[in-house]
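Novice: Coordinates in upload.cif, mmCIF, C-alpha atoms and all ligand atoms, are listed below.
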data_my_file
#
loop_
_atom_site.label_atom_id
_atom_site.label_comp_id
_atom_site.auth_asym_id
_atom_site.auth_seq_id
_atom_site.Cartn_x
_atom_site.Cartn_y
_atom_site.Cartn_z
CA MET A 1 181.50 31.42 71.41
CA VAL A 2 179.16 28.55 70.52
CA GLN A 3 175.83 30.05 69.56
CA THR A 4 172.38 28.50 69.94
CA LEU A 5 169.76 29.91 67.58
CA THR A 6 165.99 29.50 67.77
CA VAL A 7 164.08 30.49 64.64
CA LEU A 8 160.34 30.78 63.96
CA GLY A 9 159.45 29.87 60.36
CA LEU A 10 156.31 30.66 58.31
CA GLU A 11 155.20 28.97 55.08
CA SER A 12 152.23 29.90 52.85
CA SER A 13 153.40 29.57 49.24
CA CYS A 14 150.79 27.07 48.00
CA ASP A 15 147.97 25.29 49.83
CA ASP A 16 149.51 24.60 53.26
CA THR A 17 149.59 27.24 56.01
CA ALA A 18 152.43 26.36 58.37
CA ALA A 19 154.52 27.64 61.27
CA ALA A 20 157.38 25.93 63.09
CA VAL A 21 160.19 26.52 65.56
CA VAL A 22 163.65 25.07 64.96
CA ARG A 23 166.67 25.30 67.26
CA GLN A 24 170.31 24.55 66.57
CA THR A 25 173.45 24.88 68.57
CA GLU A 26 176.49 25.55 66.40
CA GLY A 27 178.24 22.29 65.50
CA ALA A 28 175.32 20.13 66.66
CA GLY A 29 172.22 18.70 64.94
CA ALA A 30 169.09 20.81 64.51
CA GLU A 31 165.97 20.13 66.56
CA ILE A 32 162.38 20.73 65.44
CA LEU A 33 160.67 22.10 68.57
CA SER A 34 157.29 22.33 66.83
CA SER A 35 155.80 22.08 63.35
CA VAL A 36 152.17 23.00 62.65
CA VAL A 37 150.63 22.50 59.19
CA HIS A 38 147.04 23.39 58.23
CA GLY A 39 146.25 21.99 54.76
CA GLN A 40 143.57 23.49 52.48
CA THR A 41 142.61 20.39 50.47
CA ASP A 42 138.92 20.64 51.43
CA LEU A 43 138.70 24.31 50.39
CA HIS A 44 139.91 23.54 46.87
CA SER A 45 138.46 20.06 46.29
CA ALA A 46 135.40 21.28 44.36
CA TYR A 47 137.59 23.09 41.79
CA GLY A 48 140.00 20.32 40.75
CA GLY A 49 143.07 22.37 41.70
CA VAL A 50 144.36 25.13 43.99
CA VAL A 51 142.42 28.42 43.54
CA PRO A 52 144.96 31.20 44.28
CA GLU A 53 142.48 33.71 45.75
CA ILE A 54 140.92 31.14 48.07
CA ALA A 55 144.41 30.00 49.13
CA ALA A 56 145.61 33.56 49.89
CA ARG A 57 142.53 34.39 51.96
CA ALA A 58 142.79 31.14 53.93
CA HIS A 59 146.49 31.78 54.64
CA ALA A 60 145.74 35.31 55.87
CA GLU A 61 143.06 33.92 58.20
CA LYS A 62 145.14 31.03 59.53
CA LEU A 63 148.72 32.30 59.84
CA ASP A 64 148.45 33.97 63.25
CA THR A 65 146.75 30.86 64.72
CA CYS A 66 149.55 28.72 63.30
CA VAL A 67 152.19 30.97 64.90
CA ILE A 68 150.46 30.81 68.29
CA GLN A 69 150.14 27.01 68.03
CA ALA A 70 153.77 26.58 66.99
CA LEU A 71 155.03 28.72 69.90
CA GLU A 72 152.75 26.91 72.37
CA ALA A 73 153.83 23.48 71.14
CA ALA A 74 157.48 24.53 71.50
CA ARG A 75 156.67 25.95 75.00
CA LEU A 76 158.21 29.26 73.95
CA GLU A 77 157.23 32.90 73.61
CA LEU A 78 158.28 35.41 70.98
CA ARG A 79 160.95 36.78 73.34
CA ASP A 80 162.69 33.35 73.21
CA ILE A 81 163.02 33.59 69.40
CA ASP A 82 166.17 34.92 67.68
CA ALA A 83 164.78 35.51 64.17
CA ILE A 84 161.67 35.16 62.01
CA ALA A 85 162.05 33.30 58.71
CA VAL A 86 159.36 33.41 56.05
CA THR A 87 158.90 31.96 52.56
CA ALA A 88 159.33 34.98 50.26
CA GLY A 89 158.88 32.96 47.03
CA PRO A 90 158.56 31.23 44.65
CA GLY A 91 154.86 30.41 44.81
CA LEU A 92 151.35 31.73 44.40
CA ILE A 93 151.87 35.43 44.97
CA GLY A 94 148.80 36.06 47.17
CA GLY A 95 149.81 33.31 49.58
CA VAL A 96 153.46 34.36 49.66
CA LEU A 97 152.35 37.94 50.37
CA SER A 98 150.16 36.79 53.28
CA GLY A 99 153.17 35.11 54.90
CA VAL A 100 155.56 37.99 54.23
CA MET A 101 153.10 40.56 55.65
CA CYS A 102 152.52 38.43 58.77
CA ALA A 103 156.28 38.02 59.32
CA LYS A 104 156.88 41.75 58.79
CA GLY A 105 154.20 42.55 61.36
CA LEU A 106 155.83 40.24 63.90
CA SER A 107 159.28 41.64 63.15
CA ALA A 108 158.10 45.26 63.40
CA ALA A 109 156.30 44.59 66.68
CA THR A 110 159.13 42.67 68.36
CA GLY A 111 162.25 44.10 66.72
CA LEU A 112 163.30 40.54 65.77
CA PRO A 113 165.38 40.15 62.59
CA LEU A 114 163.47 39.13 59.46
CA ILE A 115 164.81 36.58 56.97
CA GLY A 116 163.22 35.88 53.59
CA VAL A 117 163.65 32.26 52.53
CA ASN A 118 163.45 30.68 49.10
CA HIS A 119 160.86 27.88 49.39
CA LEU A 120 162.98 25.64 47.15
CA ALA A 121 166.00 26.18 49.42
CA GLY A 122 163.78 25.01 52.29
CA HIS A 123 163.17 21.70 50.48
CA ALA A 124 166.76 21.46 49.27
CA LEU A 125 168.28 21.99 52.76
CA THR A 126 165.92 19.50 54.48
CA PRO A 127 168.49 16.64 54.44
CA ARG A 128 170.76 18.86 56.55
CA LEU A 129 167.92 19.45 59.02
CA THR A 130 167.04 15.73 59.24
CA ASP A 131 170.41 14.01 58.72
CA GLY A 132 172.99 16.75 59.13
CA ILE A 133 174.60 15.88 55.78
CA SER A 134 177.50 17.99 54.49
CA PHE A 135 177.83 20.02 51.32
CA PRO A 136 178.08 19.28 48.44
CA TYR A 137 175.22 16.85 47.88
CA LEU A 138 172.88 16.10 44.99
CA MET A 139 169.20 16.91 45.50
CA LEU A 140 166.27 15.68 43.43
CA LEU A 141 163.31 17.91 44.26
CA VAL A 142 160.08 16.29 43.05
CA SER A 143 156.75 17.79 44.07
CA GLY A 144 153.42 18.95 42.73
CA GLY A 145 154.94 22.22 41.55
CA HIS A 146 158.63 21.53 40.96
CA CYS A 147 161.08 19.02 39.57
CA GLN A 148 164.78 19.71 39.42
CA TYR A 149 168.24 18.28 40.03
CA LEU A 150 170.39 20.58 42.15
CA ILE A 151 173.88 20.40 43.55
CA ALA A 152 173.77 22.07 46.97
CA HIS A 153 177.15 23.72 47.58
CA GLY A 154 176.06 25.91 50.50
CA PRO A 155 172.91 27.33 52.15
CA GLU A 156 172.57 29.92 49.39
CA ARG A 157 174.57 28.36 46.60
CA PHE A 158 173.00 25.83 44.25
CA THR A 159 173.71 24.64 40.72
CA ARG A 160 170.74 23.40 38.73
CA LEU A 161 171.71 20.45 36.54
CA GLY A 162 168.31 20.10 34.92
CA GLY A 163 164.59 20.16 35.52
CA THR A 164 161.18 19.74 33.96
CA ILE A 165 160.39 21.80 30.90
CA ASP A 166 156.64 21.47 31.47
CA ASP A 167 154.65 19.64 34.18
CA ALA A 168 156.10 18.51 37.51
CA PRO A 169 155.64 14.78 38.25
CA GLY A 170 153.11 15.49 41.02
CA GLU A 171 151.02 17.46 38.53
CA ALA A 172 151.17 14.52 36.13
CA PHE A 173 149.99 12.15 38.91
CA ASP A 174 147.18 14.56 39.83
CA LYS A 175 146.02 14.98 36.21
CA THR A 176 146.15 11.21 35.64
CA ALA A 177 143.97 10.67 38.71
CA ARG A 178 141.49 13.24 37.39
CA LEU A 179 141.36 11.54 33.96
CA LEU A 180 140.63 8.18 35.62
CA GLY A 181 138.12 9.47 38.19
CA LEU A 182 140.43 8.83 41.17
CA ARG A 183 140.64 10.95 44.33
CA GLN A 184 142.95 13.96 44.78
CA PRO A 185 145.80 14.28 45.58
CA GLY A 186 146.44 11.93 42.69
CA GLY A 187 149.85 10.53 43.69
CA PRO A 188 148.72 8.19 46.47
CA SER A 189 145.57 7.13 44.51
CA VAL A 190 147.49 6.29 41.34
CA GLU A 191 150.19 4.49 43.35
CA ALA A 192 147.55 2.37 45.11
CA GLU A 193 145.83 1.43 41.79
CA ALA A 194 149.19 0.66 40.16
CA ARG A 195 149.89 -2.07 42.73
CA ALA A 196 147.25 -4.29 41.10
CA GLY A 197 148.24 -3.36 37.55
CA ASP A 198 150.49 -4.70 34.80
CA PRO A 199 153.06 -1.98 33.92
CA LYS A 200 153.80 -3.63 30.55
CA ARG A 201 150.27 -3.74 29.07
CA PHE A 202 150.31 -0.10 27.92
CA ARG A 203 153.49 1.38 26.51
CA PHE A 204 153.94 4.97 27.69
CA PRO A 205 156.69 7.23 26.27
CA ARG A 206 159.91 7.85 28.23
CA PRO A 207 160.17 11.61 27.54
CA LEU A 208 163.53 13.21 26.68
CA LEU A 209 165.55 10.02 27.31
CA ASP A 210 166.81 10.33 23.75
CA ARG A 211 168.33 13.74 24.57
CA PRO A 212 171.50 14.22 26.62
CA GLY A 213 171.36 15.92 30.01
CA CYS A 214 168.99 15.90 32.96
CA ASP A 215 166.00 17.86 31.69
CA LEU A 216 162.64 16.19 32.08
CA SER A 217 159.16 16.46 30.55
CA PHE A 218 155.98 14.91 31.92
CA SER A 219 153.11 16.63 30.13
CA GLY A 220 153.05 14.09 27.27
CA LEU A 221 152.29 11.23 29.67
CA LYS A 222 148.82 12.46 30.53
CA THR A 223 148.04 13.01 26.82
CA ALA A 224 149.18 9.45 26.10
CA LEU A 225 147.03 8.19 28.97
CA MET A 226 144.01 10.12 27.74
CA ARG A 227 144.34 8.57 24.25
CA MET A 228 144.68 5.05 25.68
CA ARG A 229 141.69 5.60 27.97
CA ASP A 230 139.55 6.96 25.12
CA GLN A 231 140.51 4.04 22.88
CA ILE A 232 139.45 1.47 25.50
CA VAL A 233 136.18 3.35 26.06
CA ALA A 234 135.54 3.45 22.29
CA GLU A 235 136.23 -0.30 21.97
CA LYS A 236 134.54 -1.63 25.10
CA GLY A 237 132.19 1.15 26.22
CA GLY A 238 134.04 1.75 29.51
CA LEU A 239 137.03 0.91 31.71
CA THR A 240 137.24 -2.19 33.91
CA ARG A 241 139.06 -2.03 37.27
CA GLN A 242 141.90 -3.96 35.64
CA ASP A 243 142.12 -1.47 32.74
CA ARG A 244 142.43 1.37 35.24
CA ALA A 245 145.04 -0.44 37.32
CA ASP A 246 147.07 -1.29 34.19
CA LEU A 247 146.92 2.34 32.98
CA CYS A 248 148.15 3.56 36.40
CA ALA A 249 150.92 0.95 36.51
CA GLY A 250 152.13 1.84 32.99
CA PHE A 251 152.05 5.57 33.73
CA GLN A 252 153.91 5.20 37.04
CA GLN A 253 156.53 2.92 35.47
CA ALA A 254 157.24 5.57 32.81
CA ILE A 255 157.91 8.15 35.56
CA VAL A 256 160.03 5.67 37.54
CA ASP A 257 162.17 4.74 34.50
CA THR A 258 162.61 8.37 33.44
CA LEU A 259 163.61 9.56 36.92
CA ALA A 260 165.97 6.58 37.35
CA GLU A 261 167.83 7.26 34.09
CA LYS A 262 168.02 11.05 34.58
CA THR A 263 169.26 10.47 38.15
CA ARG A 264 172.08 8.25 36.80
CA ARG A 265 173.14 11.15 34.57
CA ALA A 266 172.86 13.72 37.38
CA ILE A 267 174.96 11.49 39.66
CA ASP A 268 177.72 11.29 37.02
CA LEU A 269 177.83 15.12 36.85
CA TYR A 270 177.84 15.37 40.66
CA LEU A 271 180.60 12.77 41.09
CA ASP A 272 182.85 14.95 38.90
CA LEU A 273 183.10 17.21 42.00
CA ASN A 274 184.75 14.34 43.93
CA PRO A 275 182.62 14.79 47.09
CA SER A 276 184.24 13.04 50.08
CA VAL A 277 181.00 11.23 51.02
CA PRO A 278 178.70 11.27 47.96
CA VAL A 279 175.06 11.66 49.00
CA ILE A 280 171.90 11.84 46.89
CA ALA A 281 168.84 13.23 48.64
CA VAL A 282 165.26 13.44 47.45
CA ALA A 283 162.53 15.79 48.73
CA GLY A 284 159.01 16.89 47.80
CA GLY A 285 155.64 15.11 47.95
CA VAL A 286 156.41 12.71 45.07
CA ALA A 287 159.31 11.34 47.13
CA ALA A 288 156.57 9.50 49.08
CA ASN A 289 156.07 7.15 46.12
CA SER A 290 157.58 3.80 47.07
CA ALA A 291 158.26 2.68 43.47
CA ILE A 292 160.19 5.93 42.85
CA ARG A 293 162.04 5.67 46.16
CA SER A 294 163.13 2.10 45.57
CA ALA A 295 164.24 2.85 41.98
CA LEU A 296 166.36 5.75 43.27
CA GLU A 297 167.82 3.54 46.00
CA THR A 298 168.80 0.97 43.36
CA VAL A 299 170.44 3.65 41.18
CA CYS A 300 172.41 4.95 44.18
CA ALA A 301 173.53 1.42 45.08
CA GLU A 302 174.68 0.91 41.45
CA LYS A 303 176.67 4.14 41.60
CA GLY A 304 178.06 3.56 45.12
CA THR A 305 176.45 6.68 46.62
CA GLN A 306 174.41 7.13 49.79
CA PHE A 307 170.69 7.79 49.47
CA THR A 308 168.54 9.76 51.88
CA ALA A 309 164.85 10.66 51.86
CA PRO A 310 163.38 12.74 54.71
CA PRO A 311 160.29 11.44 56.53
CA LEU A 312 157.09 12.26 54.65
CA PRO A 313 155.91 15.24 56.78
CA LEU A 314 159.21 16.92 55.94
CA CYS A 315 159.05 16.00 52.22
CA THR A 316 155.75 17.82 51.73
CA ASP A 317 155.37 21.55 52.43
CA ASN A 318 156.07 22.53 56.04
CA ALA A 319 157.54 25.46 57.98
CA ALA A 320 160.29 23.52 59.79
CA MET A 321 162.28 23.52 56.55
CA ILE A 322 161.74 27.29 56.23
CA ALA A 323 162.82 27.93 59.83
CA TYR A 324 165.91 25.78 59.25
CA ALA A 325 166.83 27.43 55.92
CA GLY A 326 166.37 30.81 57.65
CA LEU A 327 168.60 29.66 60.49
CA GLU A 328 171.36 28.76 58.03
CA ARG A 329 171.02 32.17 56.30
CA PHE A 330 171.03 33.93 59.68
CA ARG A 331 174.22 32.10 60.75
CA ASN A 332 175.77 33.24 57.46
CA GLY A 333 175.02 36.85 58.42
CA SER A 334 172.08 37.39 56.04
CA ARG A 335 169.28 39.71 57.17
CA ASP A 336 166.31 41.28 55.36
CA GLY A 337 164.56 44.55 56.11
CA LEU A 338 160.92 45.52 56.13
CA ASP A 339 161.31 46.15 52.40
CA LEU A 340 161.47 42.37 51.82
CA THR A 341 159.43 41.59 48.70
CA ALA A 342 157.34 38.55 47.79
CA ARG A 343 158.59 36.90 44.61
CA PRO A 344 156.36 34.65 42.47
CA ARG A 345 159.43 33.40 40.58
CA TRP A 346 162.79 32.94 42.30
CA PRO A 347 165.18 30.39 40.80
CA LEU A 348 167.71 28.90 43.23
CA ASP A 349 170.39 28.92 40.58
CA GLN A 350 170.22 32.48 39.22
CA ARG A 351 172.77 31.74 36.50
CA SER A 352 170.77 28.99 34.80
CA PRO A 353 168.31 30.04 32.10
CA ALA A 354 164.63 30.04 33.16
CA MET A 355 162.75 26.78 32.69
CA LEU A 356 159.72 26.84 30.43
CA GLY A 357 156.15 26.14 31.47
CA SER A 358 154.25 26.91 34.60
CA GLY A 359 152.98 24.62 37.33
CA LYS A 360 150.40 24.64 40.06
CA LYS A 361 152.64 27.01 42.00
CA GLY A 362 152.93 29.44 39.11
CA ALA A 363 156.05 29.99 37.02
CA LYS A 364 158.69 27.29 37.17
CA ALA A 365 161.82 28.30 39.03
O1 LIG B 401 155.55 18.77 48.03
P1 LIG B 401 154.06 18.76 47.96
O2 LIG B 401 153.29 18.50 49.23
O3 LIG B 401 153.50 20.15 47.46
C1 LIG B 401 154.07 20.87 46.43
O4 LIG B 401 155.04 21.63 46.70
O5 LIG B 401 153.58 20.68 45.31
O6 LIG B 401 153.68 17.69 46.84
C2 LIG B 401 152.36 17.35 46.52
C3 LIG B 401 152.37 16.43 45.31
C4 LIG B 401 150.99 16.17 44.76
O7 LIG B 401 150.99 16.41 43.37
C5 LIG B 401 150.76 14.68 45.08
O8 LIG B 401 149.94 14.01 44.14
C6 LIG B 401 152.18 14.15 45.06
O9 LIG B 401 152.94 15.16 45.67
N1 LIG B 401 152.29 12.89 45.83
C7 LIG B 401 152.63 11.72 45.29
C8 LIG B 401 152.53 10.74 46.31
N2 LIG B 401 152.14 11.38 47.47
C9 LIG B 401 152.00 12.71 47.15
N3 LIG B 401 153.00 11.40 44.03
C10 LIG B 401 153.27 10.10 43.76
N4 LIG B 401 153.17 9.11 44.68
C11 LIG B 401 152.80 9.38 45.96
N5 LIG B 401 152.71 8.41 46.85
ZN ZN B 402 157.10 22.74 48.21
#
Turn this file's structure into structure tokens for me.
Ligand code: KG4
Ligand code: ZN
Specialist:
Amino acid sequence: MVQTLTVLGLESSCDDTAAAVVRQTEGAGAEILSSVVHGQTDLHSAYGGVVPEIAARAHAEKLDTCVIQALEAARLELRDIDAIAVTAGPGLIGGVLSGVMCAKGLSAATGLPLIGVNHLAGHALTPRLTDGISFPYLMLLVSGGHCQYLIAHGPERFTRLGGTIDDAPGEAFDKTARLLGLRQPGGPSVEAEARAGDPKRFRFPRPLLDRPGCDLSFSGLKTALMRMRDQIVAEKGGLTRQDRADLCAGFQQAIVDTLAEKTRRAIDLYLDLNPSVPVIAVAGGVAANSAIRSALETVCAEKGTQFTAPPLPLCTDNAAMIAYAGLERFRNGSRDGLDLTARPRWPLDQRSPAMLGSGKKGAKA
């Protein structure tokens, strides 16, 4: 019998409190019935980064409102829902716990099945939610907390080809913005400055390009930028608008070139699987960067593969991706009990060795 499933999803692993309802009839495309996101940027802006305790408290205060709003926007009640999906990691543990406790409460009160979702699986399965693409596909996940190349074989089966050994690209954009006195989040500010800049004036390193494989490193870029900035200040007493634009353009170009080359290598590994319709998908907040997007499009055209990037609200953290990933797990027969635990670290590919470093979302997965 063809089954239609309606899943409520909750997300609270970093600085966005979110709830959403997603519905899918077997064999058809998924539909987002509602998606509510309450960001916390203002709460953290005075501290130059996400403060875990403030984030956890704000999630705990906001989650039930988000759930009510998501159900109202979908014109549904809890009795119309088939399962409750919640981000159970990786992320800032206080926030993840807030979401897991809220979902457990709802599950205990209604008797609805509970499904713990890996936040990274939520991002990695987004192209199936938006475009219905088939497995296996190659995913580049680039956000403020994560950066990795994954082959998605199934809803719970991923192979990590490589990832950052230190900062995620979003972190590098945010730190660069801080060093140059630009607004947070840094990605859009640095991208806007870079438009008026000369990417060739300052020569930034292209980290790890001399090493084989798809691992990446971004922490050296901000150190290079700091040295260049300090040298200009020592020579001229300050930065002109053009200096700042040129620094942003050089920094962004280094990220673009590095991601383009590592993506070429990841595509070669992926094509060894002989996928019938090769597809490369990108997700995460950094996927909003138009220079990065167009470089990835060019690489995919070179390699004869399709390229897909979800719309921005589904690239950044949201609960629709969690509801959808939960729906896929539920269809596969997975269920969790009230003993579901919150996990600060939860790699998608359990067989790969842990990555080094730790990002704004805690330990790298
Ligand atoms: O996926 P996301 O919303 O949250 C995390 O899971 O981290 O990503 C946020 C990150 C921030 O570091 C932000 O600076 C970066 O994405 N970002 C961008 C752009 N828009 C957002 N980075 C580069 N260019 C952009 N246009
Ligand atoms: Zn995320």
Novice: Of the candidates A:Thr176, A:Gln184, A:Thr316, A:Thr263, which shows the shortest atom-to-atom distance to Lys303 (chain A), using all atoms listed in the file?
Specialist: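 Looking at the shortest contact to Lys303 (chain A), the residue is A:Thr263.
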Novice: Could you list the protein, DNA and RNA residues that have any atom within 12 Å of ligand ZN 402 (chain B), counting all atoms listed in the file, and write them as a PyMOL selection string?
Specialist: chain A and resi 11-18+87+89-92+118-124+126+141-147+168+170+283-287+313-319+321-322+359-361+365
Novice: Which is closer to Gly197 (chain A) than all the others in A:Gly250, A:Gly99, A:Gly238, A:Pro311, using all atoms listed in the file?
Specialist: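 Closest to Gly197 (chain A), using all atoms listed in the file: A:Gly250.
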Novice: Compute the distance from (156.9, 37.5, 57.9) to each atom, counting only C-alpha atoms, keep the residues with any atom at most 7 Å away, and return them as a PyMOL selection string; use the coordinates of the file.
Specialist: chain A and resi 10+84-86+99-106+114
Novice: Record the distance separating CA of Glu328 (chain A) and atom O8 of ligand LIG 401 (chain B), expressed in Å with one decimal.
Specialist: 29.5 Å
Novice: With distances taken over all atoms listed in the file, which of A:Ser34, A:Ala254, A:Gly94, A:Val67 is nearest to Pro52 (chain A)?
Specialist: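 Closest to Pro52 (chain A), using all atoms listed in the file: A:Gly94.
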Novice: For region 188-209 of chain A, where the input has fewer atoms than it should, I would like N, CA, C and O atoms rebuilt and written as a PDB file, in the coordinates of the input.
Specialist:
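Just written: rebuild.pdb:
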ATOM      1  N   PRO A 188     149.008   9.404  45.685  1.00  0.00           N
ATOM      2  CA  PRO A 188     148.720   8.190  46.470  1.00  0.00           C
ATOM      3  C   PRO A 188     147.642   7.320  45.812  1.00  0.00           C
ATOM      4  O   PRO A 188     147.741   6.092  45.854  1.00  0.00           O
ATOM      5  N   SER A 189     146.625   7.935  45.148  1.00  0.00           N
ATOM      6  CA  SER A 189     145.570   7.130  44.510  1.00  0.00           C
ATOM      7  C   SER A 189     146.130   6.334  43.347  1.00  0.00           C
ATOM      8  O   SER A 189     145.829   5.145  43.196  1.00  0.00           O
ATOM      9  N   VAL A 190     146.939   6.988  42.515  1.00  0.00           N
ATOM     10  CA  VAL A 190     147.490   6.290  41.340  1.00  0.00           C
ATOM     11  C   VAL A 190     148.460   5.196  41.807  1.00  0.00           C
ATOM     12  O   VAL A 190     148.459   4.081  41.277  1.00  0.00           O
ATOM     13  N   GLU A 191     149.250   5.504  42.832  1.00  0.00           N
ATOM     14  CA  GLU A 191     150.190   4.490  43.350  1.00  0.00           C
ATOM     15  C   GLU A 191     149.424   3.263  43.854  1.00  0.00           C
ATOM     16  O   GLU A 191     149.814   2.123  43.582  1.00  0.00           O
ATOM     17  N   ALA A 192     148.328   3.493  44.568  1.00  0.00           N
ATOM     18  CA  ALA A 192     147.550   2.370  45.110  1.00  0.00           C
ATOM     19  C   ALA A 192     146.956   1.522  43.973  1.00  0.00           C
ATOM     20  O   ALA A 192     147.022   0.293  44.004  1.00  0.00           O
ATOM     21  N   GLU A 193     146.396   2.170  42.943  1.00  0.00           N
ATOM     22  CA  GLU A 193     145.830   1.430  41.790  1.00  0.00           C
ATOM     23  C   GLU A 193     146.922   0.643  41.072  1.00  0.00           C
ATOM     24  O   GLU A 193     146.715  -0.490  40.649  1.00  0.00           O
ATOM     25  N   ALA A 194     148.098   1.273  40.938  1.00  0.00           N
ATOM     26  CA  ALA A 194     149.190   0.660  40.160  1.00  0.00           C
ATOM     27  C   ALA A 194     149.648  -0.660  40.764  1.00  0.00           C
ATOM     28  O   ALA A 194     150.135  -1.538  40.045  1.00  0.00           O
ATOM     29  N   ARG A 195     149.447  -0.830  42.063  1.00  0.00           N
ATOM     30  CA  ARG A 195     149.890  -2.070  42.730  1.00  0.00           C
ATOM     31  C   ARG A 195     149.222  -3.298  42.132  1.00  0.00           C
ATOM     32  O   ARG A 195     149.822  -4.364  42.092  1.00  0.00           O
ATOM     33  N   ALA A 196     147.973  -3.130  41.660  1.00  0.00           N
ATOM     34  CA  ALA A 196     147.250  -4.290  41.100  1.00  0.00           C
ATOM     35  C   ALA A 196     147.367  -4.335  39.583  1.00  0.00           C
ATOM     36  O   ALA A 196     146.706  -5.138  38.927  1.00  0.00           O
ATOM     37  N   GLY A 197     148.208  -3.466  39.011  1.00  0.00           N
ATOM     38  CA  GLY A 197     148.240  -3.360  37.550  1.00  0.00           C
ATOM     39  C   GLY A 197     149.469  -3.985  36.909  1.00  0.00           C
ATOM     40  O   GLY A 197     150.457  -4.279  37.579  1.00  0.00           O
ATOM     41  N   ASP A 198     149.367  -4.162  35.579  1.00  0.00           N
ATOM     42  CA  ASP A 198     150.490  -4.700  34.800  1.00  0.00           C
ATOM     43  C   ASP A 198     151.170  -3.507  34.099  1.00  0.00           C
ATOM     44  O   ASP A 198     150.582  -2.908  33.191  1.00  0.00           O
ATOM     45  N   PRO A 199     152.405  -3.167  34.495  1.00  0.00           N
ATOM     46  CA  PRO A 199     153.060  -1.980  33.920  1.00  0.00           C
ATOM     47  C   PRO A 199     153.432  -2.146  32.453  1.00  0.00           C
ATOM     48  O   PRO A 199     153.775  -1.175  31.780  1.00  0.00           O
ATOM     49  N   LYS A 200     153.352  -3.400  31.941  1.00  0.00           N
ATOM     50  CA  LYS A 200     153.800  -3.630  30.550  1.00  0.00           C
ATOM     51  C   LYS A 200     152.649  -3.602  29.544  1.00  0.00           C
ATOM     52  O   LYS A 200     152.874  -3.584  28.345  1.00  0.00           O
ATOM     53  N   ARG A 201     151.395  -3.629  30.029  1.00  0.00           N
ATOM     54  CA  ARG A 201     150.270  -3.740  29.070  1.00  0.00           C
ATOM     55  C   ARG A 201     150.188  -2.502  28.167  1.00  0.00           C
ATOM     56  O   ARG A 201     149.957  -2.618  26.961  1.00  0.00           O
ATOM     57  N   PHE A 202     150.348  -1.324  28.732  1.00  0.00           N
ATOM     58  CA  PHE A 202     150.310  -0.100  27.920  1.00  0.00           C
ATOM     59  C   PHE A 202     151.722   0.482  27.864  1.00  0.00           C
ATOM     60  O   PHE A 202     152.385   0.573  28.892  1.00  0.00           O
ATOM     61  N   ARG A 203     152.121   0.877  26.675  1.00  0.00           N
ATOM     62  CA  ARG A 203     153.490   1.380  26.510  1.00  0.00           C
ATOM     63  C   ARG A 203     153.456   2.905  26.503  1.00  0.00           C
ATOM     64  O   ARG A 203     153.059   3.529  25.520  1.00  0.00           O
ATOM     65  N   PHE A 204     153.871   3.508  27.592  1.00  0.00           N
ATOM     66  CA  PHE A 204     153.940   4.970  27.690  1.00  0.00           C
ATOM     67  C   PHE A 204     155.303   5.458  27.201  1.00  0.00           C
ATOM     68  O   PHE A 204     156.295   4.733  27.319  1.00  0.00           O
ATOM     69  N   PRO A 205     155.378   6.708  26.698  1.00  0.00           N
ATOM     70  CA  PRO A 205     156.690   7.230  26.270  1.00  0.00           C
ATOM     71  C   PRO A 205     157.615   7.458  27.461  1.00  0.00           C
ATOM     72  O   PRO A 205     157.145   7.570  28.594  1.00  0.00           O
ATOM     73  N   ARG A 206     158.908   7.471  27.211  1.00  0.00           N
ATOM     74  CA  ARG A 206     159.910   7.850  28.230  1.00  0.00           C
ATOM     75  C   ARG A 206     160.483   9.179  27.759  1.00  0.00           C
ATOM     76  O   ARG A 206     161.479   9.217  27.029  1.00  0.00           O
ATOM     77  N   PRO A 207     159.850  10.311  28.160  1.00  0.00           N
ATOM     78  CA  PRO A 207     160.170  11.610  27.540  1.00  0.00           C
ATOM     79  C   PRO A 207     161.607  12.063  27.767  1.00  0.00           C
ATOM     80  O   PRO A 207     162.147  11.904  28.857  1.00  0.00           O
ATOM     81  N   LEU A 208     162.201  12.579  26.698  1.00  0.00           N
ATOM     82  CA  LEU A 208     163.530  13.210  26.680  1.00  0.00           C
ATOM     83  C   LEU A 208     164.690  12.262  26.994  1.00  0.00           C
ATOM     84  O   LEU A 208     165.811  12.703  27.153  1.00  0.00           O
ATOM     85  N   LEU A 209     164.432  10.929  27.059  1.00  0.00           N
ATOM     86  CA  LEU A 209     165.550  10.020  27.310  1.00  0.00           C
ATOM     87  C   LEU A 209     166.503   9.992  26.120  1.00  0.00           C
ATOM     88  O   LEU A 209     167.681   9.679  26.261  1.00  0.00           O
TER      89      LEU A 209
END
